[in-house]
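Peer 1: Data file data_17.cif (mmCIF, C-alpha atoms) is appended below.
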data_data
#
loop_
_atom_site.label_atom_id
_atom_site.label_comp_id
_atom_site.auth_asym_id
_atom_site.auth_seq_id
_atom_site.Cartn_x
_atom_site.Cartn_y
_atom_site.Cartn_z
CA MET A 1 219.66 -46.89 -43.86
CA LEU A 2 219.08 -45.95 -40.29
CA HIS A 3 221.95 -46.83 -38.00
CA MET A 4 221.04 -48.44 -34.71
CA GLU A 5 222.59 -47.51 -31.40
CA ASP A 6 222.78 -49.60 -28.24
CA SER A 7 222.15 -46.72 -25.90
CA ALA A 8 219.74 -46.46 -23.03
CA GLU A 9 218.18 -43.42 -24.68
CA SER A 10 217.43 -45.09 -28.01
CA LYS A 11 213.87 -46.26 -28.55
CA TRP A 12 214.71 -48.14 -31.74
CA THR A 13 214.76 -51.94 -31.86
CA LEU A 14 215.53 -54.32 -34.69
CA ARG A 15 213.30 -57.36 -34.81
CA SER A 16 214.45 -60.41 -36.77
CA ASP A 17 212.66 -63.72 -37.11
CA ALA A 18 214.26 -67.01 -38.01
CA SER A 19 211.57 -67.59 -40.64
CA SER A 20 211.23 -65.84 -43.97
CA GLU A 21 209.53 -62.90 -42.30
CA PRO A 22 211.15 -59.57 -43.28
CA LEU A 23 213.12 -57.50 -40.86
CA LEU A 24 211.13 -54.70 -39.28
CA TYR A 25 212.40 -51.48 -37.79
CA CYS A 26 210.07 -50.89 -34.90
CA CYS A 27 209.87 -48.87 -31.73
CA SER A 28 208.34 -49.54 -28.36
CA ALA A 29 204.77 -48.28 -28.44
CA TYR A 30 202.16 -47.22 -25.98
CA ASP A 31 199.00 -49.31 -26.26
CA CYS A 32 196.12 -46.84 -26.52
CA SER A 33 193.57 -49.58 -25.95
CA GLU A 34 194.47 -49.27 -22.29
CA ASP A 35 194.08 -45.50 -22.35
CA PRO A 36 191.91 -44.39 -19.41
CA PHE A 37 190.49 -41.63 -21.59
CA HIS A 38 188.96 -44.05 -24.10
CA GLY A 39 185.44 -42.82 -24.83
CA LYS A 40 185.89 -39.69 -22.75
CA VAL A 41 186.36 -36.03 -23.53
CA LEU A 42 189.69 -34.53 -22.54
CA ARG A 43 189.08 -31.41 -20.49
CA ASN A 44 191.07 -28.97 -18.41
CA ARG A 45 194.37 -30.72 -18.67
CA THR A 46 197.71 -29.34 -19.72
CA LYS A 47 199.45 -30.81 -22.71
CA ALA A 48 202.04 -32.54 -20.56
CA ARG A 49 199.43 -34.35 -18.47
CA SER A 50 196.45 -34.64 -20.80
CA MET A 51 196.99 -38.23 -21.92
CA SER A 52 198.92 -39.72 -18.94
CA MET A 53 201.63 -41.09 -21.19
CA PRO A 54 204.77 -42.89 -20.07
CA SER A 55 207.86 -40.74 -20.41
CA GLU A 56 209.83 -41.11 -23.66
CA PRO A 57 213.08 -39.60 -24.88
CA SER A 58 212.75 -36.06 -26.19
CA SER A 59 213.54 -35.17 -29.80
CA ALA A 60 216.65 -33.32 -28.64
CA LYS A 61 218.25 -36.69 -27.85
CA PHE A 62 217.49 -38.11 -31.28
CA ARG A 63 220.61 -38.40 -33.40
CA ARG A 64 220.20 -36.81 -36.84
CA THR A 65 222.05 -39.34 -39.02
CA GLN A 66 223.10 -38.67 -42.60
CA SER A 67 222.53 -40.78 -45.72
CA LEU A 68 223.76 -40.33 -49.27
CA HIS A 69 220.92 -37.95 -50.06
CA GLY A 70 220.19 -36.21 -46.76
CA PRO A 71 219.10 -36.98 -43.22
CA SER A 72 217.94 -40.54 -42.68
CA PRO A 73 214.19 -40.43 -42.07
CA VAL A 74 212.54 -42.07 -39.11
CA THR A 75 210.98 -45.33 -40.30
CA THR A 76 208.37 -45.80 -37.56
CA PHE A 77 205.12 -43.91 -37.88
CA GLY A 78 203.11 -43.41 -34.73
CA PRO A 79 202.92 -46.11 -32.05
CA LYS A 80 202.42 -49.18 -34.25
CA ALA A 81 203.32 -48.63 -37.93
CA CYS A 82 206.74 -49.14 -39.49
CA ILE A 83 208.41 -49.70 -42.86
CA LEU A 84 208.16 -53.19 -44.32
CA LYS A 85 211.73 -54.00 -45.31
CA ASN A 86 212.22 -55.32 -48.83
CA LEU A 87 214.60 -58.26 -48.74
CA LYS A 88 215.05 -58.11 -52.54
CA ALA A 89 216.54 -54.64 -52.42
CA VAL A 90 220.07 -54.44 -53.80
CA MET A 91 222.66 -53.78 -51.07
CA HIS A 92 219.76 -53.33 -48.63
CA ILE A 93 218.97 -49.91 -50.13
CA GLN A 94 215.20 -49.45 -49.99
CA ASP A 95 213.64 -48.41 -53.29
CA PRO A 96 211.42 -45.41 -52.43
CA ALA A 97 208.93 -46.34 -55.16
CA SER A 98 208.26 -49.76 -53.59
CA GLN A 99 207.95 -48.81 -49.93
CA ARG A 100 205.11 -50.36 -47.98
CA PHE A 101 204.22 -50.15 -44.33
CA THR A 102 203.19 -52.82 -41.86
CA TRP A 103 201.88 -53.00 -38.30
CA ASN A 104 203.93 -54.42 -35.45
CA LYS A 105 200.64 -54.55 -33.53
CA PRO A 106 197.06 -54.41 -34.83
CA PRO A 107 195.86 -50.79 -34.99
CA LYS A 108 193.18 -49.84 -32.52
CA SER A 109 192.87 -46.06 -32.79
CA VAL A 110 192.37 -43.57 -35.61
CA LEU A 111 192.35 -39.79 -35.84
CA ILE A 112 189.79 -38.27 -38.23
CA ILE A 113 190.61 -34.82 -39.62
CA LYS A 114 187.53 -33.18 -41.12
CA LYS A 115 187.24 -29.86 -42.88
CA ILE A 116 185.36 -27.59 -40.49
CA ARG A 117 182.10 -25.85 -41.43
CA ASP A 118 181.57 -27.92 -44.57
CA ILE A 119 178.03 -29.32 -44.63
CA SER A 120 178.81 -31.61 -47.58
CA LEU A 121 181.22 -33.60 -45.38
CA LEU A 122 178.67 -34.27 -42.64
CA GLN A 123 177.32 -37.51 -44.11
CA PRO A 124 180.74 -38.99 -45.08
CA PHE A 125 182.06 -38.10 -41.62
CA LYS A 126 179.11 -39.80 -39.94
CA GLU A 127 179.38 -42.93 -42.11
CA LEU A 128 183.11 -43.22 -41.42
CA CYS A 129 182.66 -42.84 -37.64
CA ILE A 130 179.92 -45.49 -37.56
CA PHE A 131 182.01 -47.88 -39.66
CA LEU A 132 185.13 -47.49 -37.50
CA THR A 133 183.44 -47.61 -34.09
CA GLN A 134 180.78 -50.25 -34.69
CA GLN A 135 182.21 -52.52 -37.39
CA LYS A 136 185.94 -52.18 -36.75
CA ASN A 137 185.76 -51.54 -32.99
CA MET A 138 188.28 -48.70 -33.29
CA ILE A 139 188.91 -45.80 -30.93
CA VAL A 140 188.13 -42.62 -32.88
CA TYR A 141 189.78 -39.27 -32.05
CA VAL A 142 188.27 -36.04 -33.37
CA GLU A 143 189.15 -32.44 -32.69
CA LYS A 144 186.72 -30.78 -30.29
CA THR A 145 185.87 -27.97 -32.72
CA VAL A 146 184.62 -30.58 -35.20
CA ILE A 147 182.15 -32.06 -32.73
CA GLU A 148 181.03 -28.56 -31.74
CA ASP A 149 180.28 -27.67 -35.36
CA PRO A 150 176.64 -26.43 -35.53
CA ALA A 151 175.99 -28.66 -38.55
CA ILE A 152 176.87 -31.74 -36.47
CA THR A 153 175.04 -30.48 -33.40
CA ARG A 154 171.80 -30.18 -35.40
CA ASP A 155 172.22 -33.62 -36.91
CA SER A 156 171.25 -36.89 -35.24
CA PHE A 157 174.88 -37.53 -34.38
CA VAL A 158 174.33 -37.88 -30.64
CA SER A 159 174.06 -41.66 -30.87
CA ILE A 160 177.77 -42.12 -31.59
CA LYS A 161 179.22 -38.96 -30.03
CA ASN A 162 179.76 -40.81 -26.75
CA ASN A 163 182.08 -43.27 -28.52
CA ILE A 164 184.41 -40.55 -29.79
CA CYS A 165 187.39 -39.03 -27.98
CA THR A 166 187.98 -35.32 -28.48
CA PHE A 167 191.12 -33.22 -28.17
CA ARG A 168 192.20 -29.60 -28.54
CA GLU A 169 195.06 -28.40 -30.71
CA ASP A 170 198.12 -27.11 -28.79
CA TYR A 171 196.58 -28.40 -25.55
CA ASP A 172 196.10 -32.19 -25.64
CA ASP A 173 198.91 -34.48 -26.76
CA ILE A 174 197.64 -37.47 -28.76
CA SER A 175 200.89 -38.31 -30.55
CA ASN A 176 201.28 -41.65 -28.76
CA CYS A 177 197.62 -42.65 -28.97
CA VAL A 178 196.87 -42.42 -32.70
CA ASP A 179 197.77 -45.42 -34.88
CA PHE A 180 196.79 -43.85 -38.20
CA ILE A 181 195.03 -40.77 -39.58
CA ILE A 182 192.12 -40.34 -42.00
CA CYS A 183 191.62 -36.94 -43.66
CA LEU A 184 188.27 -35.84 -45.11
CA GLY A 185 188.59 -32.74 -47.25
CA GLY A 186 191.26 -31.15 -49.44
CA ASP A 187 195.02 -30.75 -49.24
CA GLY A 188 194.66 -28.45 -46.24
CA THR A 189 193.50 -31.33 -44.05
CA LEU A 190 196.76 -33.19 -44.72
CA LEU A 191 198.79 -30.07 -43.91
CA TYR A 192 196.84 -29.67 -40.69
CA ALA A 193 197.37 -33.32 -39.76
CA SER A 194 201.12 -32.83 -40.27
CA SER A 195 201.13 -29.80 -37.95
CA LEU A 196 199.62 -31.86 -35.11
CA PHE A 197 202.65 -34.19 -34.96
CA GLN A 198 206.01 -32.56 -34.36
CA GLU A 199 207.89 -35.84 -34.28
CA SER A 200 206.85 -39.26 -35.63
CA VAL A 201 203.71 -39.05 -37.78
CA PRO A 202 201.25 -41.98 -38.05
CA PRO A 203 200.31 -43.17 -41.56
CA VAL A 204 197.91 -40.74 -43.25
CA MET A 205 195.03 -41.79 -45.50
CA ALA A 206 193.52 -38.79 -47.33
CA PHE A 207 190.13 -38.84 -49.08
CA HIS A 208 189.46 -36.37 -51.87
CA LEU A 209 186.47 -34.37 -50.60
CA GLY A 210 187.80 -30.85 -51.17
CA SER A 211 188.50 -28.59 -54.13
CA LEU A 212 191.97 -29.44 -55.52
CA GLY A 213 192.93 -32.75 -53.94
CA PHE A 214 196.52 -33.05 -55.18
CA LEU A 215 197.56 -34.80 -51.95
CA THR A 216 194.31 -36.77 -51.46
CA PRO A 217 194.31 -39.79 -53.79
CA PHE A 218 191.36 -41.77 -52.34
CA ASN A 219 187.70 -41.50 -53.39
CA PHE A 220 185.13 -41.93 -50.65
CA ASP A 221 182.78 -44.15 -52.68
CA THR A 222 184.57 -47.35 -51.64
CA PHE A 223 185.94 -46.18 -48.29
CA GLN A 224 185.05 -49.37 -46.40
CA SER A 225 187.23 -51.70 -48.48
CA GLN A 226 190.05 -49.13 -48.68
CA VAL A 227 190.12 -48.50 -44.93
CA THR A 228 190.00 -52.25 -44.30
CA GLN A 229 193.10 -52.75 -46.48
CA VAL A 230 194.95 -50.11 -44.45
CA ILE A 231 193.93 -51.72 -41.17
CA GLU A 232 195.26 -55.03 -42.50
CA GLY A 233 198.56 -53.34 -43.40
CA ASN A 234 198.20 -53.85 -47.14
CA ALA A 235 199.14 -50.47 -48.63
CA ALA A 236 202.00 -48.62 -50.26
CA ILE A 237 203.28 -45.38 -48.74
CA ILE A 238 205.26 -42.37 -49.86
CA LEU A 239 207.47 -40.58 -47.33
CA ARG A 240 206.85 -36.87 -47.77
CA SER A 241 209.85 -35.03 -46.33
CA ARG A 242 209.30 -32.06 -44.02
CA LEU A 243 211.39 -29.03 -43.12
CA GLU A 244 212.58 -28.32 -39.60
CA VAL A 245 212.37 -24.56 -39.10
CA LYS A 246 213.87 -22.49 -36.29
CA VAL A 247 214.11 -18.76 -35.72
CA VAL A 248 216.96 -17.06 -33.91
CA LYS A 249 215.50 -13.95 -32.26
CA GLU A 250 217.90 -11.26 -31.07
CA TYR A 251 216.93 -9.65 -27.77
CA ARG A 252 217.96 -6.09 -28.36
CA LYS A 253 217.41 -4.86 -24.83
CA LYS A 254 219.73 -7.41 -23.25
CA GLY A 255 221.90 -7.92 -26.32
CA SER A 256 221.62 -11.68 -26.07
CA VAL A 257 220.51 -14.22 -28.64
CA GLU A 258 218.11 -17.05 -27.95
CA GLU A 259 217.26 -19.90 -30.27
CA MET A 260 213.63 -20.91 -30.34
CA SER A 261 211.06 -22.43 -32.67
CA LEU A 262 208.31 -20.48 -34.33
CA VAL A 263 205.71 -21.78 -31.91
CA THR A 264 206.26 -21.27 -28.20
CA ASN A 265 204.15 -22.10 -25.20
CA GLY A 266 205.33 -20.05 -22.24
CA ASN A 267 208.98 -20.89 -21.57
CA LYS A 268 208.79 -24.17 -23.44
CA THR A 269 210.30 -24.42 -26.91
CA ILE A 270 208.44 -26.53 -29.48
CA GLN A 271 210.07 -27.83 -32.64
CA TYR A 272 207.95 -27.02 -35.67
CA GLN A 273 207.73 -29.14 -38.81
CA VAL A 274 206.69 -27.83 -42.24
CA LEU A 275 205.27 -30.06 -44.98
CA ASN A 276 204.89 -27.63 -47.90
CA GLU A 277 206.95 -24.47 -47.68
CA VAL A 278 208.49 -21.64 -45.69
CA VAL A 279 207.66 -18.24 -47.21
CA VAL A 280 209.65 -15.10 -46.39
CA ASP A 281 208.14 -11.99 -47.97
CA ARG A 282 207.83 -8.22 -47.58
CA GLY A 283 204.49 -8.45 -45.79
CA PRO A 284 202.41 -5.24 -45.81
CA SER A 285 205.39 -3.04 -46.78
CA SER A 286 205.57 -1.41 -50.22
CA TYR A 287 209.38 -1.79 -50.36
CA LEU A 288 211.27 -4.70 -51.89
CA SER A 289 212.06 -7.62 -49.64
CA ASN A 290 215.84 -7.63 -49.11
CA VAL A 291 217.12 -10.80 -47.43
CA ASP A 292 220.43 -12.69 -47.49
CA LEU A 293 220.40 -16.42 -48.22
CA PHE A 294 223.13 -18.62 -46.72
CA LEU A 295 223.84 -22.27 -47.56
CA ASP A 296 225.92 -24.20 -45.01
CA GLY A 297 227.22 -20.90 -43.65
CA HIS A 298 228.16 -19.37 -47.00
CA LEU A 299 226.32 -16.40 -48.49
CA ILE A 300 225.02 -17.52 -51.89
CA THR A 301 222.76 -14.61 -52.88
CA THR A 302 220.61 -11.71 -51.76
CA VAL A 303 216.91 -11.90 -52.60
CA GLN A 304 215.48 -8.61 -53.81
CA GLY A 305 211.83 -8.88 -54.74
CA ASP A 306 208.54 -9.84 -53.12
CA GLY A 307 210.20 -12.68 -51.21
CA VAL A 308 211.44 -16.25 -51.41
CA VAL A 309 209.85 -19.70 -51.05
CA VAL A 310 211.79 -22.60 -49.53
CA SER A 311 209.81 -25.75 -50.22
CA THR A 312 209.91 -29.50 -49.95
CA PRO A 313 209.33 -31.69 -53.04
CA THR A 314 205.73 -32.02 -51.85
CA GLY A 315 205.45 -28.24 -51.68
CA SER A 316 206.93 -27.81 -55.15
CA THR A 317 203.44 -28.24 -56.62
CA ALA A 318 201.96 -25.57 -54.33
CA TYR A 319 203.17 -21.96 -53.94
CA ALA A 320 206.50 -22.75 -55.63
CA VAL A 321 205.01 -23.88 -58.94
CA ALA A 322 202.79 -20.80 -58.97
CA ALA A 323 205.97 -18.71 -58.63
CA GLY A 324 207.57 -20.41 -61.64
CA ALA A 325 209.39 -23.39 -60.10
CA SER A 326 209.65 -26.93 -61.46
CA MET A 327 207.65 -29.77 -59.98
CA ILE A 328 209.66 -32.36 -58.03
CA HIS A 329 208.47 -35.85 -57.18
CA PRO A 330 208.22 -36.33 -53.39
CA ASN A 331 210.68 -39.23 -53.50
CA VAL A 332 213.46 -36.93 -54.71
CA PRO A 333 215.58 -35.82 -51.71
CA ALA A 334 215.89 -32.09 -52.24
CA ILE A 335 215.01 -28.57 -51.10
CA MET A 336 213.72 -26.04 -53.62
CA ILE A 337 214.47 -22.30 -53.43
CA THR A 338 212.12 -20.13 -55.50
CA PRO A 339 212.16 -16.31 -55.63
CA ILE A 340 208.83 -14.47 -55.61
CA CYS A 341 208.74 -11.79 -58.33
CA PRO A 342 212.51 -11.09 -58.16
CA HIS A 343 213.70 -7.73 -59.47
CA SER A 344 216.16 -9.51 -61.72
CA LEU A 345 215.94 -11.20 -65.11
CA SER A 346 218.44 -13.94 -64.17
CA PHE A 347 217.17 -15.16 -60.78
CA ARG A 348 215.84 -18.63 -61.52
CA PRO A 349 214.56 -21.25 -59.03
CA ILE A 350 217.20 -23.70 -57.86
CA VAL A 351 217.22 -27.16 -56.26
CA VAL A 352 219.76 -27.96 -53.52
CA PRO A 353 220.59 -31.25 -51.74
CA ALA A 354 218.38 -32.30 -48.86
CA ASP A 355 221.22 -32.38 -46.33
CA VAL A 356 222.15 -28.67 -46.49
CA GLU A 357 221.37 -26.04 -43.88
CA LEU A 358 219.75 -22.87 -45.16
CA LYS A 359 219.72 -19.60 -43.25
CA ILE A 360 217.78 -16.48 -44.17
CA MET A 361 218.58 -13.13 -42.62
CA LEU A 362 217.46 -9.55 -43.22
CA SER A 363 220.11 -7.64 -45.19
CA ARG A 364 221.84 -4.62 -43.71
CA ASP A 365 220.51 -2.49 -46.57
CA ALA A 366 216.90 -3.60 -46.08
CA ARG A 367 214.42 -0.73 -45.85
CA ASN A 368 211.82 -2.75 -43.99
CA THR A 369 211.37 -5.93 -41.95
CA ALA A 370 210.38 -9.28 -43.44
CA TRP A 371 207.59 -11.70 -42.58
CA VAL A 372 207.69 -15.49 -42.42
CA SER A 373 204.89 -18.05 -42.65
CA LEU A 374 204.87 -21.84 -42.51
CA ASP A 375 202.39 -23.75 -44.66
CA GLY A 376 200.38 -20.55 -44.74
CA ARG A 377 200.20 -20.31 -40.93
CA LYS A 378 202.18 -18.91 -37.97
CA TRP A 379 202.86 -15.56 -39.67
CA GLN A 380 205.37 -13.43 -37.77
CA GLU A 381 207.75 -10.52 -38.31
CA ILE A 382 211.52 -10.89 -38.80
CA ALA A 383 213.67 -7.91 -37.85
CA TYR A 384 217.34 -7.14 -38.49
CA GLY A 385 219.53 -9.52 -36.46
CA ASP A 386 216.98 -12.34 -36.57
CA SER A 387 217.54 -15.41 -38.72
CA ILE A 388 215.55 -18.36 -40.02
CA ILE A 389 217.31 -21.74 -40.04
CA ILE A 390 215.89 -24.45 -42.32
CA THR A 391 216.97 -28.09 -42.56
CA THR A 392 215.34 -31.31 -43.75
CA SER A 393 213.50 -32.97 -40.89
CA CYS A 394 214.08 -36.54 -39.74
CA PHE A 395 210.31 -37.00 -39.38
CA PRO A 396 208.55 -37.38 -42.76
CA VAL A 397 204.82 -37.73 -43.32
CA PRO A 398 203.99 -41.32 -44.41
CA SER A 399 201.20 -40.74 -46.91
CA ILE A 400 199.27 -43.86 -47.93
CA CYS A 401 199.07 -44.34 -51.70
CA PHE A 402 196.07 -45.38 -53.75
CA ARG A 403 198.27 -47.34 -56.19
CA ASP A 404 201.95 -46.44 -55.79
CA PRO A 405 203.99 -43.22 -55.41
CA VAL A 406 204.74 -42.79 -59.10
CA ASN A 407 201.29 -43.46 -60.56
CA ASP A 408 199.53 -41.42 -57.87
CA TRP A 409 201.75 -38.38 -58.53
CA PHE A 410 201.27 -38.37 -62.29
CA GLU A 411 197.55 -38.96 -61.84
CA SER A 412 197.40 -35.86 -59.62
CA LEU A 413 199.39 -33.84 -62.18
CA ALA A 414 196.93 -34.81 -64.91
CA GLN A 415 193.68 -34.54 -62.95
CA CYS A 416 194.40 -31.54 -60.68
CA LEU A 417 196.90 -29.39 -62.58
CA HIS A 418 196.06 -30.60 -66.13
CA TRP A 419 199.75 -31.05 -66.81
CA ASN A 420 200.65 -30.98 -70.52
CA VAL A 421 197.02 -30.91 -71.65
CA ARG A 422 196.91 -30.04 -75.33
CA GLN A 423 194.88 -31.07 -78.34
CA LYS A 424 196.96 -33.59 -80.25
CA GLN A 425 198.37 -32.67 -83.62
CA SER A 426 196.63 -34.43 -86.53
CA HIS A 427 198.61 -36.69 -88.81
CA LEU A 428 199.43 -35.75 -92.40
CA SER A 429 197.42 -37.17 -95.24
CA SER A 430 199.13 -38.86 -98.18
CA GLU A 431 198.58 -35.78 -100.37
CA GLU A 432 200.06 -33.43 -97.73
CA GLU A 433 203.13 -35.66 -97.26
CA GLU A 434 204.05 -35.11 -100.92
CA PHE A 435 204.58 -31.41 -100.26
#
Please, can you express the file's structure as structure tokens?
Peer 2:
Amino acid sequence: MLHMEDSAESKWTLRSDASSEPLLYCCSAYDCSEDPFHGKVLRNRTKARSMSMPSEPSSAKFRRTQSLHGPSPVTTFGPKACILKNLKAVMHIQDPASQRFTWNKPPKSVLIIKKIRDISLLQPFKELCIFLTQQKNMIVYVEKTVIEDPAITRDSFVSIKNNICTFREDYDDISNCVDFIICLGGDGTLLYASSLFQESVPPVMAFHLGSLGFLTPFNFDTFQSQVTQVIEGNAAIILRSRLEVKVVKEYRKKGSVEEMSLVTNGNKTIQYQVLNEVVVDRGPSSYLSNVDLFLDGHLITTVQGDGVVVSTPTGSTAYAVAAGASMIHPNVPAIMITPICPHSLSFRPIVVPADVELKIMLSRDARNTAWVSLDGRKWQEIAYGDSIIITTSCFPVPSICFRDPVNDWFESLAQCLHWNVRQKQSHLSSEEEEF
């Protein structure tokens, strides 16, 4: 459970009603219906001033509390969504398989993430925008590159373009204006949606309109009724844990060490969150990758091979499973460490508790540098003296379920990965049983 603090810096509040209404963990939210940029394009504004938001405490002041299985996750998602507390839970311990979300205020804004340059998504995207703006009277946010797509420009989309707000990645901050997110495409759209929110993430509803679709449980055929249920707050969610990743770069000229995240904007440090995995490999070099792996400050092994994958349970069905790892349900609090083509017959993938701190450094005997990537992006070189620090983030991705977390996961295993597909063995006849 998340512990509350009566400090001036805390934005958490506990609301309790005298009736049978459940307790809700909520936070003070900014009402985007009063946003002066409603219906307008955001242009020529820095990230700090783009949305004219009231000042809120920074993530550095957020206390990273511990639970039995790792860091306690934040239970508010975006400005208006929060966990619906189950009063039947034993000892007030929330069952992850029965988690549902609710709204402390009616949602008024939605962010649509669409796969770019995919003509097949043009009609679903248009239908969804018309439904949300005209029938649900919602504020729709779309990335500027989506609206500038030539396929949309050629289409008769001008009639509703004026009712859509646009933003630019790494430039406009919409974190306090989006109540929930709708993804149209494959698993990459959900990963991209996660990268846009470095702290609290609004609930994410993902439609399967891509190739694999392991993380996208919804079909678009009945999108109107499904979106309506989400707007009414009637949906189950699964909290997909993320990794908080930092890099310690050693300045060799000055001999000093500075801690910074993998994404920087001038002198400002930005905390980066990873949904699937952190990959450290040998990059373009022909030599073995040679990196030391520390757990809570103790050296546990040296990876000699093509590299190593540090993944979340969600990422265990991505690069990790292709490298020979087991598949972990997203509700299991854990971090998976999987070697990539290790030059050893005994180096097997391992699972460690979610509350540990992992550190990866280039070994003294390494013949070349290493390279790191996050969810397949932000690729950069790691030299000797640098280190990568990985912990479980306090800010999970609340992914809306089609049924529930367990059934959705096994359905994805069967439909997408064809898990345990085999022709069944025939039974023995009476004559064969005699032998």
Peer 1: Which residues are near Thr338 of chain A? Cut-off 6 Å, only C-alpha atoms, ignore same chain within fewer than 4 positions. Put them as a list of chain:residue names.
Peer 2: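 Contacts, with the query itself left out: A:Val308, A:Val309, A:Pro349.
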Peer 1: When you count all atoms listed in the file, which of these residues is closest to Lys144 of chain A: A:Phe167, A:Phe347, A:Trp419, A:Tyr192?
Peer 2: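 Residue with the minimum atom-to-atom distance to Lys144 of chain A: A:Phe167.
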Peer 1: By how many Å are atom CA of Val321 of chain A and atom CA of Leu239 of chain A apart?
Peer 2: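 A separation of 20.5 Å between them.
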Peer 1: Fewer than 5 positions away in the same chain doesn't count, so skip those; otherwise give me all residues within 12 Å of segment 323-330 of chain A, counting only C-alpha atoms, as a PyMOL selection string.
Peer 2: chain A and resi 96-97+215+237-242+275-276+279+306-318+335-342+347-352+354+396-399+405-410+412-413+417+419
Peer 1: List the spatial neighbours of Asp365 of chain A as a list in words - criterion: any atom at most 10 Å away, all atoms listed in the file, same-chain residues fewer than 6 positions off excluded.
Peer 2: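 With the cut-off at 10 Å, the set is Asn290, Val291 and Tyr384 of chain A.
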Peer 1: Which residues are near Phe207 of chain A? Cut-off 9 Å, all atoms listed in the file, ignore same chain within fewer than 3 positions. Put them as a PyMOL selection string.
Peer 2: chain A and resi 182-186+210+213+215-220+223
Peer 1: Filtering to C-alpha atoms, could you give me those residues as a tab-separated table (two decimals), in the coordinates of the input?
Peer 2:
chain	number	residue	atom	x	y	z
A	182	ILE	CA	192.12	-40.34	-42.00
A	183	CYS	CA	191.62	-36.94	-43.66
A	184	LEU	CA	188.27	-35.84	-45.11
A	185	GLY	CA	188.59	-32.74	-47.25
A	186	GLY	CA	191.26	-31.15	-49.44
A	210	GLY	CA	187.80	-30.85	-51.17
A	213	GLY	CA	192.93	-32.75	-53.94
A	215	LEU	CA	197.56	-34.80	-51.95
A	216	THR	CA	194.31	-36.77	-51.46
A	217	PRO	CA	194.31	-39.79	-53.79
A	218	PHE	CA	191.36	-41.77	-52.34
A	219	ASN	CA	187.70	-41.50	-53.39
A	220	PHE	CA	185.13	-41.93	-50.65
A	223	PHE	CA	185.94	-46.18	-48.29
Peer 1: Counting only C-alpha atoms, what is within 10 Å of Lys114 of chain A, bar same-chain residues fewer than 3 positions away, as an MDAnalysis selection string?
Peer 2: chainID A and resid 111 117:118 121:122 124:125 142:143 146 182:186 188:190 192:193 209
Peer 1: Using only C-alpha atoms, which residue out of A:Asp355, A:Asp221, A:Glu244, A:Asp187 lies closest to Glu199 of chain A?
Peer 2: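 For Glu199 of chain A, the nearest of the given residues is A:Glu244.
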